[in-house]
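Undergrad: Quick one: structure below, then a few questions.
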Amino acid sequence: MDLLTKLNPDQQKVVLTTQGPVLVLAGAGSGKTRSVIYRTAYLITKLKINPWNILVVTFTNKAARELKNRLENALGISTHSLWVGTFHSVCTRILRYENQYLPFNSNFSIFDSDDQKAVFKKIYKRINIDIKEFPSAKIRHIISRQKSSLILPKDFFGFNERNFYSETVFKIYEYYQNFLIKNNALDFDDLLLYTAILLHDNEDIRKKYEQKFKYVMIDEYQDTNYAQFKIVNLIAKNHQNLCVVGDDDQAIYSWRGADIRNILNFERDYKKVIKIKLERNYRSPQSILDLANDIIKFNKKRHAKKLWTKISSDEKPILIKLENENEEAEFVAEEIIKLKSQNTSLSECVVLYRTNAQSRVFENAFIRKKVKYQIVGGVNFFQRKEIKDIIAYLRILVNPQDSESLLRIINFPPRGIGKKTVSGILDFAAADNLTVFEALSKIEKSGLTSGSVIKIKTFTEKIMKWKTDSEKLPITKLIKRIVKEIDLINYYEYCNDPKNIAREENIREFIAAAEEFAENYEEETGEQPFLTDYLQNISLQTDLDTIDENEEAVKLMTMHNAKGLEFEHVFVVGLEDGLLPHSKSIEDNRELEEERRLFYVAVTRAQKTVHLCYARTRRTFDTIIHTLPSRFIVEIQDKYLDSVDYSFFNFHKMKRSVKKPQKPVIMDNEKYFKIGQKIAHHKFGNGIILNIEGKGKDAKLTISFANGKLKKIIGSFVKTL
DNA sequence: TTAAGTATGCTTTTT
DNA sequence: GCATACTTAA
């Protein structure tokens, strides 16, 4: 059996146990992805199961893509009809298809958290909610938890105590849910919620999908929430051909409703479960696993397991104490430069932190030291203002009910439809119970001034025209046409804000991304994608999905984002009480254990070395605080770590004594610059020169880069284009 | 109606 | 220390 030769006996058991419920408890780095891929291949090639009858749910789009690629390329299996994707993308697909049973049509918009925030703001105003008393973020979280527990507004008081506070939460929830339906829109939680309800309430649909998905595999099962549990259960409870893979020690998403009990109670929820443990690790040397085991053993609630490996290393993980956060970043940058001089690829180094805000100091250090880096997470490309604006134009073409998008662009770029006119439109819409778009098309009946009516008519006519265009033109052509007709580039050029040049570049990148999507789609399906396909796709894209992992750059990301990834050299930074564990998690023991798991996840990413860093003082906002080393560091036994103290002058002394390997920067020969010239920088990419101080190749240039950053850089570090 | 200037509040973690 | 929200002036 050639498929099995590359697997160890436990992994083989995962592949060969195809009938009935299987629980795979897979420790970090134990080859679980590999097992899932081979299991899928085995089902298709040996058991001759039609790929159409298999569902594989992964944690990220990227994992789904990789799984497909490896099946196609390494094993020569056509994945055309195989369903692989995240819960959210699989649910989107089902909901689009089954929309006749649902309160929306197949062109629904997917509201991301920014859209959600904006909607809440409107709702608060409309129904007069005091934001001080009911902080929007908190209420959104509560509502999200209701949804992921499958509690609809009508069931709210069946599960929640009735008091003044909950009455208001209910009011907001109900209003919000109706608003979404009116807008033909769903938020992330709705994708799961409606799918679960549909499968639960509609027996025909449930039968259809349980017959379709005869074999179901779920990765990262420890991070599923109740809605996800229910969806899987409804599909698989009759045939029981369900294989879930996970590691309770790596459960790090309880704050978004993930319930670790889904994996702990799997043997209770299904009958005659076959349990397989993968404890052999193929990623890290024993010294790192010793540390990891020592970290996680302080958690009370867990399946006992101990990772082991045959990989050995003379090096222990190193614990480094620094003076402050700048020294910390400086130290990491120096270490990475050292590694690079020993021929390590920068893409094999990662810096992991608890909060996104920590990235900035590292960015600064890497820029100063000319180390190429890539930040994963933070603000997603598709969430940038200029991109969201264009997306809003596209959204109303497929979903005219989407008032959120409509109002976003009704006066952008400015077309003289100001606040007053807009509130007039909204009043008219509310009075006649129309959607905003309907109100616009009947605007002459609104009683607004004739000037406003004319402007609105011109606007709606344009929209109608683009709508017709959208049915004929390929996506990229349509986007280009809209951008041209709203004169967006000109609008940006007219403003003197240097950021706008970066915006222009982003718009170009957006068009390129759309082109790429269309090409891939055509290759896969042989058909042109509809605009809806593209829009729903990008709503579910994360930053992790768009990064180029082979790019020669250090990766910076949160520990959450690092899940499922591996790197040769891992730098875990900010290991201080209050950051890890985070100050908001130290009171609750359950949350504290989750923080410890997060630390465990971070450490187990490493293939070769681990550096643990903490700073003696740290600046937050405008105050410098004295910190304490993380309790997770304190509780570890000393024998698992080598410790170094570079705080105070120690690190400076070290810096003087260590010769920095000077990496020569490749520069062009003689050159000089002019304003408006396009250049490229090895780290920041393409940009445009806005200002020049000094002369010749060493002139100091102010450059606006495509990534939105404005930097001053010496001319010799850039390439002319 | 908009642009510029000032105040505020924010930091967990994300599909 | 940044981005957003609000205030004021043109």
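All residue names refer to the structure tokens as shown: chains lettered A, B, ... in order, residues numbered from 1 in each chain, ligands numbered from 1 in order.
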Show me, as a short mmCIF file (atom, residue, chain, number, x, y, z; two decimals) with C-alpha atoms (C1' of nucleotides), in the first residue's frame, the residues that have an atom within 12 Å of DC2 (chain C) when counting only C-alpha atoms (C1' of nucleotides), minus same-chain residues fewer than 3 positions from it.
TA:
data_model
loop_
_atom_site.label_atom_id
_atom_site.label_comp_id
_atom_site.auth_asym_id
_atom_site.auth_seq_id
_atom_site.Cartn_x
_atom_site.Cartn_y
_atom_site.Cartn_z
CA ALA A 357 0.06 46.53 19.17
CA ARG A 360 5.26 48.41 15.96
CA PHE A 621 0.41 54.52 25.68
CA ASP A 622 2.38 57.21 27.38
"C1'" DT B 8 -10.37 61.12 23.11
"C1'" DG B 9 -9.81 56.52 23.96
"C1'" DC B 10 -7.80 52.61 22.87
"C1'" DT B 11 -5.18 47.18 23.30
#
Undergrad: Distance cut-off 9 Å, counting only C-alpha atoms (C1' of nucleotides) - which residues of chain A neighbour chain B? Return them as a ChimeraX atom specification.
TA: /A:60,86-88,188-189,252-253,255-256,354-357,416,418-419,540-542,558-561,579,582-585,621
Undergrad: In Å, with one decimal, what is the gap from CA of Lys214 (chain A) to CA of Ile538 (chain A)?
TA: 29.1 Å
Undergrad: Tell me, as number ranges by chain, which residues lie within 8 Å of Ser345 (chain A), counting only C-alpha atoms (C1' of nucleotides); anything in the same chain fewer than 4 positions away does not count.
TA: A: 340, 349, 552-553
Undergrad: Kindly save the residues from that selection, with all heavy atoms included, as a PDB file, in the first residue's frame.
TA:
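Here's the written file selection.pdb:
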ATOM      1  N   LYS A 340      20.804  35.091   9.681  1.00  0.00           N
ATOM      2  CA  LYS A 340      20.857  35.281   8.237  1.00  0.00           C
ATOM      3  C   LYS A 340      22.291  35.128   7.734  1.00  0.00           C
ATOM      4  O   LYS A 340      22.529  34.533   6.678  1.00  0.00           O
ATOM      5  CB  LYS A 340      20.311  36.663   7.878  1.00  0.00           C
ATOM      6  CG  LYS A 340      19.946  36.752   6.413  1.00  0.00           C
ATOM      7  CD  LYS A 340      19.480  38.139   6.013  1.00  0.00           C
ATOM      8  CE  LYS A 340      19.397  38.207   4.501  1.00  0.00           C
ATOM      9  NZ  LYS A 340      19.505  39.586   4.025  1.00  0.00           N
ATOM     10  N   CYS A 349      12.160  32.584  10.057  1.00  0.00           N
ATOM     11  CA  CYS A 349      12.153  33.220  11.372  1.00  0.00           C
ATOM     12  C   CYS A 349      10.788  33.854  11.621  1.00  0.00           C
ATOM     13  O   CYS A 349      10.197  34.449  10.727  1.00  0.00           O
ATOM     14  CB  CYS A 349      13.209  34.316  11.451  1.00  0.00           C
ATOM     15  SG  CYS A 349      14.872  33.734  11.073  1.00  0.00           S
ATOM     16  N   GLU A 552      11.254  36.248   1.121  1.00  0.00           N
ATOM     17  CA  GLU A 552      12.421  36.296   1.989  1.00  0.00           C
ATOM     18  C   GLU A 552      12.218  37.406   3.027  1.00  0.00           C
ATOM     19  O   GLU A 552      12.768  38.492   2.905  1.00  0.00           O
ATOM     20  CB  GLU A 552      13.636  36.545   1.094  1.00  0.00           C
ATOM     21  CG  GLU A 552      14.986  36.580   1.749  1.00  0.00           C
ATOM     22  CD  GLU A 552      15.363  35.315   2.486  1.00  0.00           C
ATOM     23  OE1 GLU A 552      14.900  34.233   2.098  1.00  0.00           O
ATOM     24  OE2 GLU A 552      16.119  35.431   3.452  1.00  0.00           O
ATOM     25  N   ALA A 553      11.415  37.113   4.035  1.00  0.00           N
ATOM     26  CA  ALA A 553      11.121  38.129   5.039  1.00  0.00           C
ATOM     27  C   ALA A 553      10.762  37.473   6.365  1.00  0.00           C
ATOM     28  O   ALA A 553      10.146  36.409   6.394  1.00  0.00           O
ATOM     29  CB  ALA A 553       9.957  39.009   4.571  1.00  0.00           C
TER      30      ALA A 553
END
Undergrad: Contacts of region 50-58 of chain A at 7 Å or less, counting only C-alpha atoms (C1' of nucleotides), minus same-chain residues fewer than 5 places along, as a list in words?
TA: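 Once the nearby chain positions are removed, what remains is Ile44, Ala63, Ala64, Thr79, Ser81, Leu82, Trp83, Val84, Gly85, Thr86, Phe87, Lys212, Phe213, Lys214, Tyr215, Val216, Met217, Ile218 and Asp219 of chain A.
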Undergrad: Could you write out, as a compact mmCIF listing (two decimals) with C-alpha atoms, in the first residue's frame, all the residues of region 6-145 of chain A that DSSP marks as helix (DSSP H, G or I)?
TA:
# COMPACT_ATOMS: atom_id res chain seq x y z
CA PRO A 9 1.62 3.14 12.53
CA ASP A 10 -0.62 5.60 14.39
CA GLN A 11 -1.02 7.77 11.32
CA GLN A 12 -1.76 4.68 9.26
CA LYS A 13 -4.49 3.79 11.69
CA VAL A 14 -6.04 7.22 11.11
CA VAL A 15 -6.03 6.61 7.38
CA LEU A 16 -7.37 3.07 7.54
CA LYS A 32 -2.05 15.58 11.55
CA THR A 33 -2.44 17.53 8.33
CA ARG A 34 -0.52 14.78 6.61
CA SER A 35 -2.87 12.19 8.09
CA VAL A 36 -5.95 14.09 6.94
CA ILE A 37 -4.60 14.43 3.41
CA TYR A 38 -3.72 10.76 3.13
CA ARG A 39 -7.02 9.74 4.62
CA THR A 40 -8.80 11.76 1.96
CA ALA A 41 -6.62 10.23 -0.73
CA TYR A 42 -7.24 6.76 0.63
CA LEU A 43 -11.01 7.25 0.58
CA ILE A 44 -10.91 8.38 -3.02
CA THR A 45 -8.35 6.06 -4.58
CA PRO A 51 -14.89 13.10 -3.95
CA TRP A 52 -18.31 14.72 -4.13
CA ASN A 53 -19.30 12.68 -1.06
CA ASN A 61 -8.65 28.98 3.71
CA LYS A 62 -4.94 28.54 3.31
CA ALA A 63 -5.03 25.08 4.86
CA ALA A 64 -7.86 24.19 2.50
CA ARG A 65 -5.90 25.38 -0.49
CA GLU A 66 -2.82 23.45 0.57
CA LEU A 67 -4.81 20.31 1.07
CA LYS A 68 -6.24 20.58 -2.43
CA ASN A 69 -2.85 21.34 -3.91
CA ARG A 70 -1.20 18.39 -2.29
CA LEU A 71 -3.94 16.03 -3.38
CA GLU A 72 -3.74 17.34 -6.94
CA ASN A 73 0.00 17.66 -7.34
CA ALA A 74 1.55 15.02 -5.13
CA PHE A 87 -16.79 26.30 8.27
CA HIS A 88 -17.61 29.79 7.10
CA SER A 89 -16.94 29.14 3.42
CA VAL A 90 -18.74 25.79 3.43
CA CYS A 91 -21.75 27.41 5.10
CA THR A 92 -21.73 30.29 2.63
CA ARG A 93 -21.92 27.77 -0.15
CA ILE A 94 -24.80 25.88 1.42
CA LEU A 95 -26.75 29.03 2.24
CA ARG A 96 -26.41 30.43 -1.25
CA TYR A 97 -27.68 27.21 -2.66
CA ASN A 99 -31.64 30.38 -0.02
CA GLN A 100 -35.25 29.68 -0.96
CA TYR A 101 -35.75 28.38 2.57
CA SER A 113 -16.64 43.38 12.00
CA ASP A 114 -16.16 46.89 10.64
CA ASP A 115 -19.52 46.78 8.90
CA GLN A 116 -20.99 45.39 12.08
CA LYS A 117 -19.51 48.21 14.10
CA ALA A 118 -20.98 50.77 11.73
CA VAL A 119 -24.40 49.13 11.86
CA PHE A 120 -24.34 49.15 15.64
CA LYS A 121 -23.55 52.81 15.65
CA LYS A 122 -26.62 53.51 13.53
CA ILE A 123 -28.80 51.27 15.67
CA TYR A 124 -27.66 52.93 18.88
CA LYS A 125 -28.65 56.28 17.45
CA ARG A 126 -31.93 55.05 16.09
CA SER A 136 -20.83 48.46 21.64
CA ALA A 137 -17.91 46.02 21.70
CA LYS A 138 -19.29 44.23 24.73
CA ILE A 139 -22.81 44.00 23.36
CA ARG A 140 -21.54 42.76 20.02
CA HIS A 141 -19.66 40.07 21.87
CA ILE A 142 -22.74 39.03 23.83
CA ILE A 143 -24.82 38.88 20.67
CA SER A 144 -22.13 36.91 18.92
CA ARG A 145 -22.19 34.40 21.74
Undergrad: What's the separation between CA of Asp187 (chain A) and CA of Ile110 (chain A), in Å to one decimal place?
TA: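 Atom-to-atom, CA of Asp187 (chain A) and CA of Ile110 (chain A) are spaced 5.5 Å apart.
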Undergrad: From region 385-607 of chain A, collect each residue whose DSSP state is strand (DSSP E) and return the set as a VMD selection string.
TA: chain A and resid 554 to 558 567 to 572 606 to 607
Undergrad: Find the residues near Asp294 (chain A): any atom within 9 Å, counting only C-alpha atoms (C1' of nucleotides), skip ones fewer than 3 places away on the same chain, and give them as a JSON list (two decimals) with N, CA, C and O atoms, in the first residue's frame.
TA:
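Below is the file around-v1.json, written as the result:
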[["chain", "number", "residue", "atom", "x", "y", "z"],
["A", 289, "LEU", "N", 10.60, 20.28, 23.10],
["A", 289, "LEU", "CA", 9.42, 19.55, 23.59],
["A", 289, "LEU", "C", 9.42, 19.43, 25.11],
["A", 289, "LEU", "O", 8.37, 19.50, 25.74],
["A", 290, "ASP", "N", 10.62, 19.27, 25.69],
["A", 290, "ASP", "CA", 10.71, 19.23, 27.16],
["A", 290, "ASP", "C", 10.14, 20.51, 27.75],
["A", 290, "ASP", "O", 9.37, 20.48, 28.71],
["A", 291, "LEU", "N", 10.53, 21.61, 27.16],
["A", 291, "LEU", "CA", 10.02, 22.90, 27.62],
["A", 291, "LEU", "C", 8.51, 22.96, 27.44],
["A", 291, "LEU", "O", 7.77, 23.32, 28.37],
["A", 297, "LYS", "N", 1.99, 21.23, 31.45],
["A", 297, "LYS", "CA", 1.61, 20.32, 32.54],
["A", 297, "LYS", "C", 0.93, 21.05, 33.70],
["A", 297, "LYS", "O", 0.29, 20.42, 34.53],
["A", 298, "PHE", "N", 1.06, 22.37, 33.76],
["A", 298, "PHE", "CA", 0.41, 23.13, 34.82],
["A", 298, "PHE", "C", -1.09, 23.32, 34.58],
["A", 298, "PHE", "O", -1.79, 23.82, 35.43],
["A", 635, "GLU", "N", 7.11, 29.57, 36.57],
["A", 635, "GLU", "CA", 6.77, 28.22, 37.02],
["A", 635, "GLU", "C", 7.57, 27.11, 36.32],
["A", 635, "GLU", "O", 7.61, 25.98, 36.79],
["A", 636, "ILE", "N", 8.21, 27.44, 35.21],
["A", 636, "ILE", "CA", 9.01, 26.42, 34.50],
["A", 636, "ILE", "C", 10.27, 26.09, 35.29],
["A", 636, "ILE", "O", 10.86, 26.96, 35.91],
["A", 637, "GLN", "N", 10.69, 24.85, 35.20],
["A", 637, "GLN", "CA", 11.94, 24.48, 35.85],
["A", 637, "GLN", "C", 13.13, 25.05, 35.09],
["A", 637, "GLN", "O", 13.18, 25.03, 33.87],
["A", 640, "TYR", "N", 15.22, 23.55, 31.97],
["A", 640, "TYR", "CA", 14.80, 23.50, 30.58],
["A", 640, "TYR", "C", 15.23, 24.72, 29.77],
["A", 640, "TYR", "O", 14.99, 24.81, 28.58]]
Undergrad: Out of A:Leu434, A:Thr18, A:Glu167, A:Thr623, which residue has the shortest atom-to-atom distance to chain C when counting only C-alpha atoms (C1' of nucleotides)?
TA: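 Using only C-alpha atoms (C1' of nucleotides), the shortest distance to chain C belongs to A:Thr623.
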Undergrad: As a ChimeraX atom specification, please: the residues near Lys480 (chain A) (cut-off 12 Å, only C-alpha atoms (C1' of nucleotides), same-chain neighbours under 4 positions excluded).
TA: /A:390,393-394,466,469-470,473-476,484-489,507-512,514-515
Undergrad: Could you check the closest approach to chain C for each of A:Leu397, A:Ile288, A:His80, A:Val361 and tell me which residue wins, using only C-alpha atoms (C1' of nucleotides)?
TA: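 Among A:Leu397, A:Ile288, A:His80, A:Val361, it is A:Val361 that comes nearest to chain C.
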